[in-house]
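Student: Pasting query-v8.csv here (CSV, C-alpha atoms and all ligand atoms):
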chain,number,residue,atom,x,y,z
A,1,MET,CA,14.8,-22.0,20.1
A,2,ILE,CA,11.1,-22.7,20.1
A,3,THR,CA,9.3,-23.2,23.4
A,4,GLN,CA,6.3,-25.4,23.8
A,5,HIS,CA,5.2,-25.7,27.4
A,6,LYS,CA,1.7,-27.3,27.9
A,7,THR,CA,0.5,-26.1,24.5
A,8,THR,CA,-1.7,-28.6,22.6
A,9,GLY,CA,-1.1,-27.6,19.0
A,10,THR,CA,1.4,-29.3,16.6
A,11,LEU,CA,4.8,-28.0,15.9
A,12,LEU,CA,6.2,-29.0,12.5
A,13,VAL,CA,9.9,-28.6,11.5
A,14,ASN,CA,11.2,-27.8,8.0
A,15,GLU,CA,7.8,-27.6,6.3
A,16,LYS,CA,7.8,-27.1,2.5
A,17,MET,CA,5.8,-24.0,1.9
A,18,ALA,CA,5.0,-25.1,-1.7
A,19,ASN,CA,2.5,-27.4,0.0
A,20,TYR,CA,0.7,-24.4,1.5
A,21,THR,CA,0.5,-21.9,-1.3
A,22,SER,CA,-1.9,-21.8,-4.2
A,23,TRP,CA,1.0,-21.2,-6.6
A,24,ARG,CA,2.6,-24.4,-5.3
A,25,VAL,CA,6.0,-22.7,-4.9
A,26,GLY,CA,8.0,-21.7,-1.9
A,27,GLY,CA,11.0,-23.0,0.1
A,28,ILE,CA,11.2,-24.5,3.6
A,29,ALA,CA,9.8,-22.8,6.7
A,30,ASP,CA,12.0,-23.5,9.8
A,31,TYR,CA,8.9,-24.2,11.9
A,32,MET,CA,5.2,-24.3,11.4
A,33,TYR,CA,2.7,-24.1,14.3
A,34,LEU,CA,-0.8,-25.6,14.0
A,35,PRO,CA,-2.6,-24.3,17.0
A,36,SER,CA,-5.4,-26.4,18.4
A,37,ASN,CA,-7.5,-23.3,19.1
A,38,LYS,CA,-7.3,-19.6,19.8
A,39,ALA,CA,-6.4,-20.0,23.5
A,40,ASP,CA,-3.6,-22.4,22.6
A,41,LEU,CA,-2.2,-20.0,20.0
A,42,ILE,CA,-2.1,-17.1,22.5
A,43,GLN,CA,-0.3,-19.4,25.0
A,44,PHE,CA,2.2,-20.4,22.3
A,45,ILE,CA,3.0,-16.9,21.2
A,46,GLN,CA,3.5,-15.7,24.8
A,47,GLN,CA,6.1,-18.4,25.3
A,48,GLN,CA,8.3,-17.5,22.3
A,49,ASP,CA,11.3,-15.3,22.6
A,50,ALA,CA,10.7,-11.9,21.1
A,51,ALA,CA,13.5,-12.5,18.6
A,52,VAL,CA,11.7,-15.4,16.9
A,53,PRO,CA,10.0,-14.0,13.8
A,54,LEU,CA,6.4,-15.1,13.3
A,55,PHE,CA,4.7,-15.2,9.9
A,56,TRP,CA,0.9,-15.7,9.7
A,57,LEU,CA,-0.5,-18.0,7.0
A,58,GLY,CA,-4.1,-18.4,5.9
A,59,LEU,CA,-4.8,-20.4,2.8
A,60,GLY,CA,-1.7,-19.2,1.0
A,61,SER,CA,-3.8,-17.8,-1.9
A,62,ASN,CA,-2.1,-14.5,-2.1
A,63,LEU,CA,1.5,-15.4,-1.3
A,64,LEU,CA,4.7,-15.7,-3.2
A,65,VAL,CA,7.1,-17.5,-0.8
A,66,ARG,CA,10.6,-17.3,-2.1
A,67,ASP,CA,12.6,-20.4,-2.8
A,68,GLY,CA,14.8,-19.9,0.3
A,69,GLY,CA,11.8,-20.3,2.5
A,70,ILE,CA,10.8,-18.5,5.8
A,71,ARG,CA,12.9,-18.2,8.9
A,72,GLY,CA,11.2,-18.5,12.3
A,73,VAL,CA,7.7,-19.8,12.8
A,74,VAL,CA,4.8,-19.9,10.4
A,75,ILE,CA,1.5,-19.7,12.3
A,76,ASN,CA,-0.9,-21.8,10.2
A,77,THR,CA,-4.5,-20.7,11.1
A,78,ARG,CA,-6.4,-22.5,8.4
A,79,ASN,CA,-9.1,-24.6,9.9
A,80,ARG,CA,-7.4,-24.2,13.3
A,81,LEU,CA,-9.0,-20.9,14.4
A,82,LYS,CA,-12.3,-22.1,13.1
A,83,GLU,CA,-15.1,-20.9,15.4
A,84,MET,CA,-17.9,-19.0,13.7
A,85,CYS,CA,-21.3,-18.1,15.3
A,86,ARG,CA,-24.2,-15.8,14.9
A,87,LEU,CA,-24.5,-13.0,17.5
A,88,GLU,CA,-27.5,-10.8,18.2
A,89,ASP,CA,-28.6,-7.9,16.0
A,90,ASP,CA,-27.4,-9.4,12.6
A,91,ARG,CA,-23.8,-9.8,13.7
A,92,VAL,CA,-21.5,-12.8,13.1
A,93,SER,CA,-18.3,-13.6,14.9
A,94,VAL,CA,-15.6,-15.4,12.8
A,95,GLU,CA,-12.2,-16.6,13.7
A,96,VAL,CA,-9.5,-16.0,11.2
A,97,GLY,CA,-8.9,-19.6,10.0
A,98,VAL,CA,-12.4,-19.9,8.6
A,99,PRO,CA,-12.4,-20.0,4.8
A,100,CYS,CA,-14.2,-17.0,3.2
A,101,ALA,CA,-16.5,-19.3,1.2
A,102,LEU,CA,-17.8,-20.8,4.5
A,103,VAL,CA,-18.4,-17.3,5.9
A,104,ALA,CA,-20.5,-16.3,2.8
A,105,ARG,CA,-22.5,-19.5,3.0
A,106,PHE,CA,-23.1,-19.3,6.8
A,107,CYS,CA,-24.3,-15.7,6.6
A,108,ALA,CA,-26.7,-16.6,3.7
A,109,SER,CA,-28.0,-19.6,5.7
A,110,GLN,CA,-28.7,-17.2,8.6
A,111,GLY,CA,-30.7,-14.8,6.4
A,112,LEU,CA,-28.0,-12.2,6.7
A,113,VAL,CA,-26.9,-10.4,3.5
A,114,GLY,CA,-23.8,-8.5,2.5
A,115,ALA,CA,-21.1,-11.2,2.7
A,116,GLU,CA,-21.9,-12.9,-0.7
A,117,PHE,CA,-18.8,-11.5,-2.4
A,118,LEU,CA,-16.6,-13.6,0.0
A,119,ALA,CA,-17.9,-16.8,-1.7
A,120,GLY,CA,-15.3,-16.7,-4.5
A,121,ILE,CA,-12.3,-15.6,-2.5
A,122,PRO,CA,-10.2,-18.7,-1.9
A,123,GLY,CA,-8.6,-17.5,1.3
A,124,THR,CA,-9.4,-17.3,5.0
A,125,MET,CA,-11.1,-14.6,7.0
A,126,GLY,CA,-7.6,-13.6,8.3
A,127,GLY,CA,-6.2,-13.2,4.8
A,128,ALA,CA,-9.3,-11.2,3.8
A,129,LEU,CA,-8.8,-8.9,6.7
A,130,ALA,CA,-5.1,-8.5,6.0
A,131,MET,CA,-5.7,-7.8,2.3
A,132,ASN,CA,-9.1,-6.1,2.4
A,133,ALA,CA,-10.0,-8.7,-0.1
A,134,GLY,CA,-12.9,-7.9,-2.3
A,135,ALA,CA,-14.9,-8.8,-5.4
A,136,PHE,CA,-17.8,-7.6,-7.5
A,137,GLY,CA,-18.1,-4.3,-5.6
A,138,GLY,CA,-17.8,-5.8,-2.1
A,139,GLU,CA,-14.8,-5.3,0.2
A,140,THR,CA,-14.1,-7.1,3.5
A,141,TRP,CA,-13.8,-4.1,5.7
A,142,GLN,CA,-17.2,-2.8,4.6
A,143,ILE,CA,-18.8,-5.5,6.7
A,144,VAL,CA,-16.4,-5.5,9.7
A,145,GLU,CA,-17.6,-3.9,12.9
A,146,CYS,CA,-14.5,-4.7,15.0
A,147,VAL,CA,-11.6,-7.2,15.2
A,148,GLU,CA,-9.6,-8.8,17.9
A,149,VAL,CA,-5.8,-8.5,17.3
A,150,ILE,CA,-2.8,-10.0,19.1
A,151,ASN,CA,0.6,-8.5,19.4
A,152,ARG,CA,4.0,-10.2,19.6
A,153,ALA,CA,3.9,-10.3,23.4
A,154,GLY,CA,0.7,-12.4,23.1
A,155,VAL,CA,-1.7,-9.7,24.3
A,156,ALA,CA,-5.1,-9.7,22.6
A,157,VAL,CA,-7.2,-6.5,22.3
A,158,ASN,CA,-10.2,-5.3,20.3
A,159,LYS,CA,-9.8,-2.7,17.6
A,160,LEU,CA,-12.2,-0.8,15.3
A,161,PRO,CA,-11.8,-0.3,11.6
A,162,SER,CA,-10.9,3.4,12.3
A,163,ASP,CA,-7.7,2.1,14.1
A,164,PHE,CA,-6.4,0.9,10.7
A,165,GLU,CA,-5.5,2.7,7.4
A,166,ILE,CA,-7.8,0.8,5.0
A,167,SER,CA,-7.8,1.2,1.2
A,168,TYR,CA,-8.1,-0.9,-2.0
A,169,ARG,CA,-6.4,-4.3,-1.2
A,170,SER,CA,-4.4,-2.7,1.6
A,171,VAL,CA,-4.6,-2.5,5.4
A,172,LYS,CA,-1.9,-0.7,7.3
A,173,ARG,CA,-1.6,-2.1,10.8
A,174,ALA,CA,1.0,-2.0,13.6
A,175,GLU,CA,4.0,-4.1,13.0
A,176,ASN,CA,3.8,-7.5,14.6
A,177,GLU,CA,0.1,-7.4,15.1
A,178,TRP,CA,-2.2,-10.0,13.7
A,179,PHE,CA,-5.9,-10.7,13.5
A,180,LEU,CA,-7.6,-13.3,15.6
A,181,THR,CA,-11.3,-12.7,15.2
A,182,ALA,CA,-13.6,-10.5,13.2
A,183,ARG,CA,-17.1,-9.3,14.2
A,184,LEU,CA,-19.1,-8.8,11.0
A,185,LYS,CA,-22.2,-6.5,10.9
A,186,LEU,CA,-24.7,-7.6,8.2
A,187,LYS,CA,-28.2,-6.8,7.1
A,188,GLN,CA,-31.3,-8.9,7.3
A,189,GLY,CA,-32.4,-10.5,4.0
A,190,GLN,CA,-33.6,-13.6,2.3
A,191,THR,CA,-31.5,-16.8,2.4
A,192,THR,CA,-32.6,-17.9,-1.1
A,193,GLU,CA,-31.8,-14.6,-2.7
A,194,SER,CA,-28.4,-14.6,-1.0
A,195,GLN,CA,-27.7,-18.1,-2.2
A,196,GLN,CA,-28.7,-17.3,-5.7
A,197,GLN,CA,-26.4,-14.3,-5.7
A,198,ILE,CA,-23.5,-16.5,-4.5
A,199,LYS,CA,-24.2,-19.0,-7.3
A,200,ALA,CA,-24.3,-16.2,-9.9
A,201,LEU,CA,-21.0,-14.7,-8.6
A,202,LEU,CA,-19.3,-18.0,-8.8
A,203,GLU,CA,-20.5,-18.7,-12.3
A,204,LYS,CA,-19.3,-15.3,-13.5
A,205,ARG,CA,-15.9,-15.9,-11.8
A,206,ASN,CA,-15.5,-19.4,-13.4
A,207,LEU,CA,-16.1,-17.9,-16.8
A,208,THR,CA,-13.3,-15.3,-16.6
A,209,GLN,CA,-10.6,-16.8,-14.3
A,210,PRO,CA,-8.4,-19.9,-14.6
A,211,TYR,CA,-9.7,-21.0,-11.2
A,212,ASN,CA,-8.5,-24.6,-11.5
A,213,LEU,CA,-4.8,-23.9,-12.2
A,214,PRO,CA,-2.1,-23.0,-9.7
A,215,THR,CA,-2.3,-19.2,-9.5
A,216,CYS,CA,-2.5,-16.5,-6.9
A,217,GLY,CA,-5.4,-14.6,-8.3
A,218,SER,CA,-4.7,-11.1,-9.5
A,219,VAL,CA,-1.0,-10.4,-9.3
A,220,PHE,CA,-1.2,-6.7,-9.7
A,221,LYS,CA,-3.6,-4.1,-8.2
A,222,ASN,CA,-5.7,-2.3,-10.8
A,223,PRO,CA,-4.3,1.2,-11.3
A,224,PRO,CA,-6.7,4.1,-10.8
A,225,ASN,CA,-9.4,4.1,-13.6
A,226,ASP,CA,-7.9,1.2,-15.4
A,227,TYR,CA,-7.3,-2.5,-15.3
A,228,ALA,CA,-4.0,-4.2,-14.9
A,229,ALA,CA,-5.2,-7.1,-17.1
A,230,ARG,CA,-6.0,-4.7,-19.9
A,231,LEU,CA,-2.5,-3.1,-19.8
A,232,ILE,CA,-0.8,-6.5,-19.7
A,233,GLU,CA,-2.8,-7.8,-22.6
A,234,LEU,CA,-2.2,-4.6,-24.6
A,235,SER,CA,1.5,-5.1,-24.0
A,236,GLY,CA,1.2,-8.5,-25.8
A,237,LEU,CA,2.2,-10.5,-22.7
A,238,LYS,CA,-0.6,-13.1,-22.6
A,239,GLY,CA,1.1,-16.4,-22.7
A,240,TYR,CA,4.5,-14.9,-22.1
A,241,THR,CA,6.6,-17.5,-20.1
A,242,ILE,CA,9.7,-17.5,-17.9
A,243,GLY,CA,10.7,-20.9,-16.7
A,244,GLY,CA,7.5,-22.5,-15.5
A,245,ALA,CA,5.7,-19.2,-15.0
A,246,CYS,CA,3.3,-18.1,-17.6
A,247,VAL,CA,0.9,-15.1,-18.1
A,248,SER,CA,-2.6,-16.7,-18.3
A,249,GLU,CA,-4.3,-16.7,-21.7
A,250,LYS,CA,-7.6,-16.5,-19.9
A,251,HIS,CA,-6.9,-13.6,-17.6
A,252,ALA,CA,-3.8,-11.5,-18.2
A,253,ASN,CA,-3.5,-10.4,-14.5
A,254,PHE,CA,-3.0,-14.1,-13.5
A,255,ILE,CA,0.3,-15.9,-13.6
A,256,VAL,CA,0.0,-19.7,-13.9
A,257,ASN,CA,2.5,-22.2,-12.6
A,258,THR,CA,2.6,-24.6,-15.5
A,259,GLY,CA,4.1,-27.3,-13.4
A,260,GLN,CA,7.7,-26.7,-12.6
A,261,ALA,CA,7.9,-23.0,-11.7
A,262,THR,CA,10.1,-21.7,-9.0
A,263,ALA,CA,9.3,-18.6,-7.0
A,264,ALA,CA,12.2,-17.0,-8.8
A,265,ASP,CA,10.6,-17.7,-12.2
A,266,ILE,CA,7.4,-16.0,-11.0
A,267,GLU,CA,9.2,-13.0,-9.4
A,268,THR,CA,11.3,-12.5,-12.6
A,269,LEU,CA,8.1,-12.6,-14.7
A,270,ILE,CA,6.4,-10.1,-12.3
A,271,ALA,CA,9.4,-7.7,-12.8
A,272,TYR,CA,9.3,-8.2,-16.6
A,273,ILE,CA,5.6,-7.4,-16.8
A,274,GLN,CA,6.1,-4.3,-14.7
A,275,THR,CA,8.9,-3.1,-17.0
A,276,GLN,CA,7.0,-3.8,-20.2
A,277,VAL,CA,3.8,-2.1,-19.0
A,278,GLU,CA,5.7,0.9,-17.7
A,279,THR,CA,7.7,1.3,-20.9
A,280,ARG,CA,4.7,0.9,-23.2
A,281,HIS,CA,2.0,2.7,-21.1
A,282,GLY,CA,3.8,4.7,-18.5
A,283,VAL,CA,1.9,2.9,-15.7
A,284,CYS,CA,3.8,1.5,-12.8
A,285,LEU,CA,1.9,-1.6,-11.7
A,286,GLN,CA,1.9,-2.4,-8.0
A,287,THR,CA,1.8,-6.0,-6.8
A,288,GLU,CA,-1.3,-7.2,-4.9
A,289,VAL,CA,0.4,-10.5,-4.0
A,290,CYS,CA,2.6,-10.6,-0.9
A,291,LYS,CA,6.2,-11.5,-1.5
A,292,VAL,CA,7.7,-13.1,1.6
A,293,GLY,CA,10.7,-15.2,2.6
A,294,VAL,CA,14.3,-15.3,1.4
A,295,ALA,CA,15.7,-15.9,-2.1
A,296,CYS,CA,18.0,-18.9,-2.6
B,1,LIG,C1,-8.1,-18.1,-8.1
B,1,LIG,C2,-7.9,-17.0,-7.1
B,1,LIG,C3,-8.9,-15.9,-7.1
B,1,LIG,C4,-8.8,-14.8,-6.3
B,1,LIG,N1,-9.7,-13.9,-6.3
B,1,LIG,C5,-9.6,-12.8,-5.5
B,1,LIG,C6,-10.6,-11.8,-5.5
B,1,LIG,O1,-11.6,-11.8,-6.2
B,1,LIG,N2,-10.5,-10.8,-4.6
B,1,LIG,C7,-9.4,-10.7,-3.8
B,1,LIG,O2,-9.4,-9.7,-3.0
B,1,LIG,N3,-8.5,-11.6,-3.7
B,1,LIG,C8,-8.5,-12.7,-4.6
B,1,LIG,N4,-7.6,-13.6,-4.5
B,1,LIG,C9,-6.4,-13.5,-3.6
B,1,LIG,C10,-6.6,-14.1,-2.3
B,1,LIG,O3,-7.5,-15.2,-2.3
B,1,LIG,C11,-7.0,-13.1,-1.2
B,1,LIG,O4,-6.1,-12.0,-1.1
B,1,LIG,C12,-7.2,-13.7,0.2
B,1,LIG,O5,-7.8,-12.7,1.0
B,1,LIG,C13,-5.9,-14.2,0.8
B,1,LIG,O6,-6.3,-15.0,1.9
B,1,LIG,P1,-5.4,-16.2,2.5
B,1,LIG,O7,-6.0,-16.8,3.7
B,1,LIG,O8,-5.1,-17.1,1.4
B,1,LIG,O9,-4.1,-15.4,2.9
B,1,LIG,P2,-2.6,-15.8,2.6
B,1,LIG,O10,-2.3,-15.8,1.2
B,1,LIG,O11,-2.2,-17.0,3.4
B,1,LIG,O12,-1.8,-14.5,3.3
B,1,LIG,C14,-2.0,-13.3,2.6
B,1,LIG,C15,-1.4,-12.2,3.6
B,1,LIG,O13,-2.3,-12.1,4.7
B,1,LIG,C16,-1.6,-12.2,5.9
B,1,LIG,N5,-2.4,-12.9,6.9
B,1,LIG,C17,-3.1,-14.1,6.8
B,1,LIG,N6,-3.8,-14.3,7.9
B,1,LIG,C18,-3.5,-13.3,8.8
B,1,LIG,C19,-4.0,-12.9,10.1
B,1,LIG,N7,-4.8,-13.7,10.8
B,1,LIG,N8,-3.5,-11.8,10.6
B,1,LIG,C20,-2.7,-10.9,9.9
B,1,LIG,N9,-2.2,-11.2,8.7
B,1,LIG,C21,-2.7,-12.4,8.1
B,1,LIG,C22,-0.4,-13.1,5.5
B,1,LIG,O14,0.7,-13.0,6.5
B,1,LIG,C23,0.0,-12.5,4.2
B,1,LIG,O15,0.7,-11.3,4.3
B,1,LIG,C24,-7.7,-14.8,-5.4
B,1,LIG,C25,-6.7,-15.8,-5.3
B,1,LIG,C26,-6.9,-16.9,-6.2
B,1,LIG,C27,-5.8,-18.0,-6.1
When written as structure tokens, how does the structure in this file appear?

Tutor:
Amino acid sequence: MITQHKTTGTLLVNEKMANYTSWRVGGIADYMYLPSNKADLIQFIQQQDAAVPLFWLGLGSNLLVRDGGIRGVVINTRNRLKEMCRLEDDRVSVEVGVPCALVARFCASQGLVGAEFLAGIPGTMGGALAMNAGAFGGETWQIVECVEVINRAGVAVNKLPSDFEISYRSVKRAENEWFLTARLKLKQGQTTESQQQIKALLEKRNLTQPYNLPTCGSVFKNPPNDYAARLIELSGLKGYTIGGACVSEKHANFIVNTGQATAADIETLIAYIQTQVETRHGVCLQTEVCKVGVAC
């Protein structure tokens, strides 16, 4: 039972997750809450029975939601927790629903450098914190000074990077604890140089990735001293298809939904790639994408 006493956000029932993921797959979420702002979200969480599972959603660009959907409430932060402002001493405060591209552009416009790599990551600040998203040598937590987190009881506290176990595309945090706000620490620089760097990064990305197709970016983490894409290509898997899921011809670490893929097609293809790469190259590829929800 979901409680909503004097909250001002929107509670949706039976939302199709395929509409919220970049892979365009995923079953029904029992509930989805669209908070009107951070204070409203805190109030909503405090009202919910501890037994109700919460799942936090950003832009769904790193999510494989299974066909049976998600039980409990999906907290949809995108463009809901959207405050961003400059603080003193080259710092920027960003709520987690702000898209990474906006963060990169805002910092550049302020003459603050160091966040350019975020420009091409098609997720939110919250997703970037959860994944330690990175590109072209930059990683999210390199520019984080502190974060505000909330627990299942609805209590918000500030934490430092040293409170988390942070590594390549991985951030270990307490169970049932989620990010609300990040305070970024950047360096002073030139707006035009930062903007040019963003433009160059985006051009490079567009040349190498199928950015206009339904994908989830890199499916697998790169193994130490190697590239998942190289191993997949060497295994002859470019173009390999299961149902509507196909290994991209442009970038072998991307799986494209060619139109009618189910989450099960994608999950089966992921397992197939893992088996093939392990058999041929002895490398056990780890997934970067988050698999959530229940199978049909
Ligand atoms: C074309 C394409 C290119 C990509 N390129 C890159 C790249 O260069 N580098 C890279 O690192 N990634 C890349 N990705 C993957 C993806 O964009 C990143 O992982 C991104 O950070 C995910 O953010 P999101 O808001 O979409 O998160 P979602 O996919 O919505 O969620 C991902 C995980 O974060 C959790 N989460 C979301 N918000 C919060 C929160 N506030 N608190 C706690 N947990 C939260 C979710 O529960 C989930 O476990 C790419 C994806 C695509 C489709």

Student: Please give me, as a ChimeraX atom specification, the residues lying within 6 Å of ligand LIG 1 (chain B) when counting only C-alpha atoms and all ligand atoms.

Tutor: /A:22,55-63,96,121-124,126-128,130-131,133-135,178-180,211,215-217,290

Student: In terms of the shortest atom-to-atom distance over only C-alpha atoms, which of A:His5, A:Lys199, A:Asp89, A:Ala18 is closest to Gln260 of chain A?

Tutor: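 Of A:His5, A:Lys199, A:Asp89, A:Ala18, the one nearest Gln260 of chain A is A:Ala18, counting only C-alpha atoms.
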
Student: How far is it from atom CA of Leu202 of chain A to atom CA of Lys187 of chain A, in Å with one decimal?

Tutor: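 Computing the Euclidean distance for atom CA of Leu202 of chain A and atom CA of Lys187 of chain A yields 21.4 Å.
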
Student: Do a neighbour search on Leu186 of chain A at 12 Å with all atoms listed in the file, toss out local chain neighbours closer than 2 positions, and write the hits as number ranges by chain.

Tutor: A: 86-93, 103-104, 106-108, 110-116, 140-145, 183-184, 188-189

Student: To one decimal in Å, tell me the separation between atom CA of Arg66 of chain A and atom CA of Gly259 of chain A.

Tutor: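 Those two atoms sit 16.4 Å apart.
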
Student: Residues within 8 Å of Arg152 of chain A, please, as a ChimeraX atom specification. Count only C-alpha atoms; anything in the same chain fewer than 6 positions from it doesn't count.

Tutor: /A:45-46,50,176-177

Student: Distance atom CA of Ala182 of chain A-atom CA of Glu95 of chain A, one decimal place?

Tutor: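 These two atoms are separated by 6.3 Å.
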
Student: Using all atoms listed in the file, pick whichever of A:Ser248, A:Ser194, A:Asn253, A:Thr10 has the shortest atom-to-atom distance to Arg230 of chain A.

Tutor: A:Asn253

Student: Residues within 6 Å of Pro214 of chain A, please, as a PyMOL selection string. Count only C-alpha atoms; anything in the same chain fewer than 3 positions from it doesn't count.

Tutor: chain A and resi 22-23+256-257

Student: Select, from A:Ile255, A:Leu234, A:Val292, A:Leu54, the residue with the minimum atom-to-atom distance to Pro210 of chain A, counting only C-alpha atoms.

Tutor: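 For Pro210 of chain A, the nearest of the given residues is A:Ile255.
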
Student: Tell me which protein, DNA and RNA residues are within 10 Å of Glu83 of chain A, counting all atoms listed in the file, leaving out same-chain ones fewer than 3 positions away, and put them as a list in words.

Tutor: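 So the residues in contact are Asn37, Lys38, Asn79, Arg80, Ser93, Val94, Glu95, Val96, Gly97, Val98 and Thr181 of chain A.
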
Student: Check the smallest atom-to-atom distance from each of A:Tyr240, A:Tyr31, A:Tyr20, A:Tyr168 to Leu64 of chain A using only C-alpha atoms, then report the winner.

Tutor: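 Of A:Tyr240, A:Tyr31, A:Tyr20, A:Tyr168, the one nearest Leu64 of chain A, counting only C-alpha atoms, is A:Tyr20.
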
Student: Compile the contact shell of Ile2 of chain A as a list in words: residues with an atom at most 9 Å away, counting only C-alpha atoms, same-chain residues fewer than 4 positions apart removed.

Tutor: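 Neighbouring residues, sequence-local ones excluded: Tyr31, Gln47, Gln48, Asp49, Val52, Gly72 and Val73 of chain A.
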
Student: Compare A:Phe44, A:Phe220, A:Phe164, A:Tyr33 by their minimum atom-to-atom distance to Val74 of chain A, counting all atoms listed in the file, and give me the closest one.

Tutor: A:Tyr33

Student: Compare A:Ile70, A:Ile242, A:Gln43, A:Phe254 by their minimum atom-to-atom distance to Val294 of chain A, counting all atoms listed in the file, and give me the closest one.

Tutor: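 When distances to Val294 of chain A are compared using all atoms listed in the file, the smallest one comes from A:Ile70.
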